[in-house]
Each structure stands twice: as C-alpha cells, then as structure tokens.
>>> print(open('my_file34.tsv').read())   # TSV, C-alpha atoms and all ligand atoms
chain	number	residue	atom	x	y	z
A	1	MET	CA	-7.65	1.24	18.64
A	2	VAL	CA	-9.45	0.39	15.39
A	3	GLU	CA	-7.70	-2.47	13.53
A	4	ASP	CA	-4.06	-1.60	12.81
A	5	ASN	CA	-4.56	2.13	13.19
A	6	ILE	CA	-2.34	4.47	15.13
A	7	ASN	CA	-4.91	7.19	15.76
A	8	TYR	CA	-7.41	7.74	18.53
A	9	GLU	CA	-10.64	5.90	17.92
A	10	TYR	CA	-12.76	9.07	18.03
A	11	ILE	CA	-10.58	10.64	15.32
A	12	ILE	CA	-10.81	7.56	13.11
A	13	ARG	CA	-14.58	7.36	13.53
A	14	TYR	CA	-14.95	11.05	12.79
A	15	ILE	CA	-12.79	10.88	9.64
A	16	ARG	CA	-14.59	7.77	8.42
A	17	ARG	CA	-17.96	9.45	8.87
A	18	THR	CA	-16.78	12.13	6.45
A	19	LEU	CA	-15.84	9.63	3.72
A	20	LYS	CA	-18.38	8.53	1.14
A	21	LYS	CA	-19.72	5.06	1.85
A	22	SER	CA	-18.77	2.39	-0.67
A	23	GLU	CA	-21.56	0.77	-2.63
A	24	GLY	CA	-22.10	-2.40	-4.63
A	25	GLN	CA	-19.09	-4.65	-5.10
A	26	LEU	CA	-16.71	-2.45	-3.07
A	27	ALA	CA	-19.07	-2.50	-0.08
A	28	TYR	CA	-19.33	-6.27	-0.46
A	29	LEU	CA	-15.51	-6.64	-0.56
A	30	GLU	CA	-15.13	-4.47	2.55
A	31	ARG	CA	-17.63	-6.65	4.42
A	32	TYR	CA	-16.00	-9.83	3.10
A	33	ALA	CA	-12.55	-8.62	4.18
A	34	ALA	CA	-13.78	-7.72	7.68
A	35	GLU	CA	-15.54	-11.06	8.14
A	36	ASN	CA	-12.63	-13.12	6.82
A	37	ASP	CA	-9.69	-11.19	8.28
A	38	VAL	CA	-8.38	-10.12	4.90
A	39	PRO	CA	-6.18	-7.07	5.47
A	40	ILE	CA	-7.29	-4.48	2.93
A	41	SER	CA	-6.34	-0.80	2.91
A	42	GLN	CA	-8.03	1.34	5.50
A	43	PRO	CA	-10.66	3.77	4.19
A	44	GLU	CA	-8.67	6.95	4.84
A	45	THR	CA	-5.51	5.43	3.32
A	46	ILE	CA	-7.12	4.27	0.08
A	47	LYS	CA	-8.87	7.64	-0.17
A	48	LEU	CA	-5.46	9.37	-0.01
A	49	ILE	CA	-4.17	7.09	-2.76
A	50	GLU	CA	-7.20	7.80	-4.95
A	51	LEU	CA	-6.61	11.53	-4.50
A	52	LEU	CA	-2.90	11.18	-5.30
A	53	ILE	CA	-3.79	9.33	-8.51
A	54	LYS	CA	-6.24	12.07	-9.47
A	55	ILE	CA	-3.88	14.92	-8.55
A	56	SER	CA	-0.81	13.43	-10.23
A	57	GLY	CA	-2.62	11.87	-13.18
A	58	ALA	CA	-0.76	8.59	-12.53
A	59	GLN	CA	-1.53	6.21	-15.39
A	60	ARG	CA	0.70	3.19	-14.86
A	61	ILE	CA	0.64	1.74	-11.36
A	62	LEU	CA	2.46	-1.10	-9.64
A	63	GLU	CA	1.05	-2.63	-6.46
A	64	ILE	CA	2.93	-5.04	-4.23
A	65	GLY	CA	0.31	-7.05	-2.32
A	66	SER	CA	-3.03	-7.47	-4.13
A	67	ALA	CA	-4.95	-9.49	-1.51
A	68	ILE	CA	-8.46	-9.80	-3.00
A	69	GLY	CA	-8.01	-6.97	-5.49
A	70	TYR	CA	-9.86	-4.31	-3.46
A	71	SER	CA	-7.25	-1.52	-3.69
A	72	ALA	CA	-6.47	-2.35	-7.33
A	73	ILE	CA	-10.15	-1.88	-8.24
A	74	ARG	CA	-10.27	1.42	-6.35
A	75	MET	CA	-7.05	2.66	-7.98
A	76	VAL	CA	-8.24	1.84	-11.47
A	77	ASN	CA	-11.59	3.50	-10.75
A	78	ALA	CA	-9.66	6.60	-9.64
A	79	GLY	CA	-8.26	6.95	-13.15
A	80	ALA	CA	-5.22	4.68	-13.48
A	81	LYS	CA	-4.92	3.24	-16.95
A	82	THR	CA	-3.14	0.01	-16.06
A	83	ILE	CA	-2.18	-1.71	-12.83
A	84	ASP	CA	0.25	-4.56	-12.33
A	85	THR	CA	-0.41	-6.07	-8.92
A	86	ILE	CA	1.66	-8.82	-7.29
A	87	GLU	CA	0.27	-11.44	-4.91
A	88	ILE	CA	2.23	-14.33	-3.42
A	89	ASN	CA	-0.70	-16.51	-2.40
A	90	PRO	CA	-2.16	-18.38	-5.44
A	91	ASP	CA	-5.67	-18.74	-3.96
A	92	THR	CA	-5.77	-15.07	-3.03
A	93	ALA	CA	-4.46	-14.10	-6.49
A	94	GLU	CA	-7.27	-16.16	-8.02
A	95	GLU	CA	-9.82	-14.39	-5.81
A	96	ALA	CA	-8.38	-11.04	-6.89
A	97	ARG	CA	-8.72	-12.04	-10.55
A	98	ARG	CA	-12.37	-13.04	-10.02
A	99	ASN	CA	-13.19	-9.78	-8.24
A	100	ILE	CA	-11.41	-7.74	-10.90
A	101	ALA	CA	-13.34	-9.55	-13.64
A	102	GLU	CA	-16.57	-8.76	-11.80
A	103	ALA	CA	-15.57	-5.11	-11.48
A	104	ASP	CA	-15.34	-4.94	-15.26
A	105	VAL	CA	-11.79	-3.57	-15.19
A	106	GLU	CA	-10.24	-6.86	-16.25
A	107	GLY	CA	-8.17	-5.68	-19.20
A	108	ARG	CA	-6.61	-2.91	-17.12
A	109	VAL	CA	-5.51	-4.87	-14.04
A	110	ASN	CA	-2.90	-7.58	-14.34
A	111	VAL	CA	-2.61	-9.84	-11.28
A	112	ILE	CA	0.84	-11.43	-11.18
A	113	CYS	CA	1.03	-14.41	-8.86
A	114	GLY	CA	4.44	-14.79	-7.24
A	115	ASP	CA	6.87	-13.57	-4.62
A	116	ALA	CA	7.47	-9.86	-5.21
A	117	ASN	CA	11.17	-10.45	-4.58
A	118	GLU	CA	11.30	-12.48	-7.79
A	119	VAL	CA	8.57	-10.78	-9.78
A	120	LEU	CA	9.96	-7.26	-9.29
A	121	ALA	CA	13.33	-8.28	-10.71
A	122	ARG	CA	11.61	-9.36	-13.95
A	123	LEU	CA	9.50	-6.24	-14.45
A	124	GLU	CA	10.56	-3.58	-16.93
A	125	GLY	CA	9.49	-0.09	-17.82
A	126	GLU	CA	8.49	2.82	-15.67
A	127	TYR	CA	5.61	3.24	-13.28
A	128	ASP	CA	4.03	6.54	-12.27
A	129	LEU	CA	3.05	5.27	-8.84
A	130	ILE	CA	4.05	2.27	-6.73
A	131	PHE	CA	1.93	1.11	-3.80
A	132	MET	CA	3.94	-1.03	-1.39
A	133	ASP	CA	1.44	-3.02	0.69
A	134	ALA	CA	2.83	-6.52	1.26
A	135	ALA	CA	4.96	-8.13	3.98
A	136	LYS	CA	6.32	-5.18	5.97
A	137	ALA	CA	9.51	-6.99	6.91
A	138	GLN	CA	10.42	-7.23	3.24
A	139	TYR	CA	9.97	-3.61	2.19
A	140	ASN	CA	13.77	-3.15	2.39
A	141	ARG	CA	14.25	-5.98	-0.09
A	142	PHE	CA	11.63	-4.61	-2.52
A	143	PHE	CA	13.10	-1.13	-2.39
A	144	GLU	CA	15.91	-1.31	-4.94
A	145	ASN	CA	13.67	-2.65	-7.70
A	146	CYS	CA	10.98	-0.13	-6.82
A	147	MET	CA	13.50	2.67	-7.30
A	148	ARG	CA	14.50	1.20	-10.66
A	149	LEU	CA	10.87	0.88	-11.76
A	150	LEU	CA	9.60	4.26	-10.51
A	151	ARG	CA	9.90	7.09	-13.02
A	152	THR	CA	11.45	10.40	-12.00
A	153	GLY	CA	8.52	12.44	-10.71
A	154	GLY	CA	6.76	9.23	-9.70
A	155	ILE	CA	5.23	8.51	-6.28
A	156	LEU	CA	6.08	5.67	-3.89
A	157	ILE	CA	3.48	4.97	-1.19
A	158	SER	CA	4.49	2.56	1.58
A	159	ASP	CA	1.70	1.46	3.92
A	160	ASN	CA	1.75	0.32	7.58
A	161	ILE	CA	4.99	2.13	8.12
A	162	LEU	CA	4.32	3.05	11.76
A	163	TYR	CA	3.03	-0.45	12.61
A	164	LYS	CA	0.65	0.32	15.46
A	165	GLY	CA	3.08	2.99	16.65
A	166	MET	CA	5.87	0.48	17.32
A	167	THR	CA	8.16	2.01	14.70
A	168	ALA	CA	8.05	5.32	16.55
A	169	THR	CA	8.75	4.21	20.12
A	170	ASP	CA	10.38	1.30	21.93
A	171	GLU	CA	7.71	1.60	24.60
A	172	LEU	CA	5.15	-0.06	22.30
A	173	VAL	CA	7.38	-2.72	20.76
A	174	LEU	CA	6.21	-6.25	21.47
A	175	HIS	CA	9.07	-8.67	22.03
A	176	ARG	CA	8.06	-10.96	19.15
A	177	LYS	CA	7.87	-7.99	16.78
A	178	ARG	CA	11.39	-6.65	17.40
A	179	THR	CA	12.84	-7.84	14.09
A	180	ILE	CA	10.03	-6.50	11.95
A	181	VAL	CA	10.11	-3.15	13.77
A	182	LYS	CA	13.87	-2.91	13.29
A	183	ARG	CA	13.41	-3.56	9.56
A	184	LEU	CA	10.67	-0.96	9.31
A	185	ARG	CA	12.87	1.61	11.05
A	186	ASP	CA	15.70	0.77	8.65
A	187	TYR	CA	13.27	1.14	5.76
A	188	VAL	CA	12.10	4.56	6.95
A	189	ASP	CA	15.77	5.61	7.25
A	190	MET	CA	16.38	4.28	3.75
A	191	LEU	CA	13.51	6.36	2.35
A	192	CYS	CA	14.38	9.51	4.24
A	193	SER	CA	18.11	9.46	3.56
A	194	ASN	CA	17.86	8.60	-0.14
A	195	PRO	CA	18.94	11.67	-2.12
A	196	MET	CA	16.56	10.77	-4.96
A	197	LEU	CA	13.50	10.74	-2.70
A	198	ASP	CA	11.56	13.45	-0.95
A	199	THR	CA	9.61	11.70	1.81
A	200	ASP	CA	7.02	12.49	4.45
A	201	ILE	CA	5.64	10.09	7.06
A	202	LEU	CA	1.92	10.58	7.51
A	203	PRO	CA	0.20	9.43	10.72
A	204	LEU	CA	-2.74	8.16	8.70
A	205	GLY	CA	-4.20	4.68	9.13
A	206	ASP	CA	-1.29	2.51	10.25
A	207	GLY	CA	1.22	5.10	8.99
A	208	VAL	CA	1.91	5.94	5.37
A	209	ALA	CA	5.25	6.98	3.86
A	210	LEU	CA	4.74	9.23	0.88
A	211	SER	CA	7.83	9.62	-1.33
A	212	LEU	CA	8.42	11.56	-4.52
A	213	LYS	CA	11.24	10.41	-6.77
A	214	THR	CA	13.18	13.51	-7.66
A	215	GLY	CA	15.71	13.77	-10.43
A	216	ASP	CA	18.75	15.45	-9.03
A	217	GLY	CA	19.02	14.76	-5.33
A	218	GLU	CA	18.06	18.39	-4.65
A	219	GLY	CA	14.33	17.81	-4.41
A	220	ARG	CA	13.69	18.90	-8.01
A	221	ILE	CA	11.87	16.66	-10.47
B	301	LIG	C1	-2.23	-5.88	3.21
B	301	LIG	S1	-2.54	-7.10	2.03
B	301	LIG	C2	-2.80	-6.18	0.55
B	301	LIG	C3	-4.08	-5.42	0.57
B	301	LIG	C4	-4.46	-4.76	-0.74
B	301	LIG	N1	-3.39	-3.90	-1.22
B	301	LIG	C5	-5.71	-3.95	-0.56
B	301	LIG	O1	-5.61	-2.84	0.02
B	301	LIG	O2	-6.79	-4.40	-0.97
B	301	LIG	C6	-0.94	-7.79	1.75
B	301	LIG	C7	-0.90	-8.91	0.72
B	301	LIG	O3	0.47	-9.08	0.35
B	301	LIG	C8	0.69	-10.45	0.08
B	301	LIG	N2	2.15	-10.69	0.20
B	301	LIG	C9	2.89	-10.88	1.33
B	301	LIG	N3	4.19	-11.07	1.03
B	301	LIG	C10	4.29	-10.98	-0.33
B	301	LIG	C11	5.36	-11.10	-1.24
B	301	LIG	N4	6.62	-11.34	-0.83
B	301	LIG	N5	5.10	-10.97	-2.56
B	301	LIG	C12	3.84	-10.72	-3.01
B	301	LIG	N6	2.77	-10.61	-2.18
B	301	LIG	C13	2.99	-10.73	-0.85
B	301	LIG	C14	-0.14	-11.17	1.13
B	301	LIG	O4	-0.44	-12.48	0.72
B	301	LIG	C15	-1.38	-10.25	1.22
B	301	LIG	O5	-2.43	-10.73	0.41
>>> encode(input="my_file34.tsv", output="structure tokens", more="lines below")
Ligand SMILES: C[S@@+](CC[C@H](N)C(=O)[O-])C[C@H]1O[C@@H](n2cnc3c(N)ncnc32)[C@H](O)[C@@H]1O
Amino acid sequence: MVEDNINYEYIIRYIRRTLKKSEGQLAYLERYAAENDVPISQPETIKLIELLIKISGAQRILEIGSAIGYSAIRMVNAGAKTIDTIEINPDTAEEARRNIAEADVEGRVNVICGDANEVLARLEGEYDLIFMDAAKAQYNRFFENCMRLLRTGGILISDNILYKGMTATDELVLHRKRTIVKRLRDYVDMLCSNPMLDTDILPLGDGVALSLKTGDGEGRI
C-alpha cells in the first residue's frame, strides 16, 4: 500500500502517472512533506478537490487542518477567492503562513491558529465548500458547525474516511484503532442519514466522503 491509501499500488501508480507533475513551490512542498512526515492531501484527492472547485465555482472555502498550507495553496490556485484554514499546531500554522506568503496568495488565505472545536463555533457566514482534513476522531464534533457554516448547495469533503480500509471491515481494524474507527463509522452514518445531505463515499486516496447540502431533505438544492 502507498501511504494511507486504500487502493492497489498498481492502480495508484497508474493514476498518479496520469496527473500533471507539480512544479516550483508545490513540488518543493510535496518533497518537504514526504521527507518530514507531514500528512498532506494525496495527489488524486487534491486533484478531485481542485476539479470540484472549478466545476462548482466555489469562492469561499473553509479548511479544517492546514498543515503546511499545501492544500490551501492548491485550492486558491484552482479559483477560490478566499480560504479560511484552521490549524491547531502554532509552529505548523506559522509554516503555513510562510508558505502562503511565498505563494503570493497571502491576502486570500487566512490561517487561523486554534482548535477547530473552538474556532468553528466563532466563525460566521456561509462557505461554498468545506474541506474536513484534521483529526479523524473529531469529525463528529466538527460536523454541527460545518452544517451551520455550509450554504445550501455547498459541498462538504471529508478526507481519510475509509482509514486504510478499517472503516469498511472489522477484519482490518487494529486493536489500538478501535475507537477512531468506531467514530469514523458513526461519522459516515451521520453524513449518510442526514436529510439535508446527499453523500457518496469515494474509494479514492484514503477514502473521501463527498456531500452536497441540499435544501429540502429531498435531494433538491
Ligand atoms: C492531514 S493534515 C492537513 C493537510 C492539509 N489539508 C493538506 O492537504 O495540505 C491535518 C492537520 O490538522 C491539524 N489538526 C488536528 N487536529 C486539529 C484540530 N482539532 N483543530 C485544528 N487543526 C487540527 C494537524 O495539526 C495537521 O496539521
């Protein structure tokens, strides 16, 4: 298996060969992340997000989990007007700010340092797209505020939802990961049973949940 990816290695390698190689700062950040064990979005996952931004015309984006700012830079380059991105680790948030300044997208990306559980409660307004990419065990706790902050017709993307396949089958669940897997399963149930969301689980990267916030509980926007 490649990193935290649920697909066969030959499939991943094939898909990645089809994707355009990053250049300049993005290539540097990918190398830096690999060498320093910084978990950034997988190439096929961030490509999907870029396409969703382009297709939907999402302008205002909220990201939970900035790490070093890699996905925020890619999302803004894909056409987002503004991004608020939350990072709990102060040193990492500072790194993200430096990288964002270097990417020349500084005025459009706002790195908020803090625990998303507290930061989300303070945020106002409506976002066109929310990218949930922080501590998996806490997705359930972020959910209510995400629903409040996501506009009707907006997109919620939750990453690492299949967690190396463990979410899908007990056979793969490591003993020490039981709690986190249980929370992820509860989160998937929460997404799929919510009448305001239309959700699909994509076996891409480490598993991506793609949800559309509908207006009437009947799947209409
Ligand atoms: C997978 S990384 C984010 C990767 C980034 N989205 C990218 O693709 O470049 C997850 C980040 O979430 C941060 N994080 C974890 N728990 C958090 C929380 N409760 N609030 C805010 N950030 C959190 C971690 O410090 C880590 O940097």
>>> residues_around(input="my_file34.tsv", residues="A:Ser66", least_positions_apart="2", cutoff="12 Å", atoms="all atoms listed in the file", output="PyMOL selection string")
chain A and resi 38-41+62-64+68-75+83-97+99-100+109-116+131-135
>>> atom_distance(input="my_file34.tsv", atom1="atom CA of A:Gly219", atom2="atom CA of A:Asn160")
24.7 Å
>>> residues_around(input="my_file34.tsv", residues="stretch 4-16 of chain A", least_positions_apart="2", cutoff="10 Å", atoms="only C-alpha atoms", output="list in words")
Met1, Val2, Thr18, Leu19, Lys20, Lys21, Pro39, Gln42, Pro43, Glu44, Asn160, Leu162, Tyr163, Lys164, Gly165, Met166, Pro203, Leu204, Gly205, Asp206 and Gly207 of chain A
>>> write_last_selection(input="my_file34.tsv", atoms="C-alpha atoms", output="CSV table (one decimal), keeping the file's coordinate frame")
chain,number,residue,atom,x,y,z
A,1,MET,CA,-7.6,1.2,18.6
A,2,VAL,CA,-9.4,0.4,15.4
A,18,THR,CA,-16.8,12.1,6.4
A,19,LEU,CA,-15.8,9.6,3.7
A,20,LYS,CA,-18.4,8.5,1.1
A,21,LYS,CA,-19.7,5.1,1.8
A,39,PRO,CA,-6.2,-7.1,5.5
A,42,GLN,CA,-8.0,1.3,5.5
A,43,PRO,CA,-10.7,3.8,4.2
A,44,GLU,CA,-8.7,7.0,4.8
A,160,ASN,CA,1.8,0.3,7.6
A,162,LEU,CA,4.3,3.0,11.8
A,163,TYR,CA,3.0,-0.4,12.6
A,164,LYS,CA,0.6,0.3,15.5
A,165,GLY,CA,3.1,3.0,16.6
A,166,MET,CA,5.9,0.5,17.3
A,203,PRO,CA,0.2,9.4,10.7
A,204,LEU,CA,-2.7,8.2,8.7
A,205,GLY,CA,-4.2,4.7,9.1
A,206,ASP,CA,-1.3,2.5,10.2
A,207,GLY,CA,1.2,5.1,9.0
>>> residues_around(input="my_file34.tsv", residues="stretch 177-180 of chain A", least_positions_apart="5", cutoff="10 Å", atoms="all atoms listed in the file", output="tab-separated table (two decimals) with C-alpha atoms, in the coordinates of the input")
chain	number	residue	atom	x	y	z
A	135	ALA	CA	4.96	-8.13	3.98
A	136	LYS	CA	6.32	-5.18	5.97
A	137	ALA	CA	9.51	-6.99	6.91
A	138	GLN	CA	10.42	-7.23	3.24
A	163	TYR	CA	3.03	-0.45	12.61
A	166	MET	CA	5.87	0.48	17.32
A	167	THR	CA	8.16	2.01	14.70
A	170	ASP	CA	10.38	1.30	21.93
A	185	ARG	CA	12.87	1.61	11.05
A	186	ASP	CA	15.70	0.77	8.65
>>> closest_residue(input="my_file34.tsv", among="A:Gly215, A:Gly65, A:Gly24, A:Gly57", to="ligand LIG 301 (chain B)", atoms="only C-alpha atoms and all ligand atoms")
A:Gly65
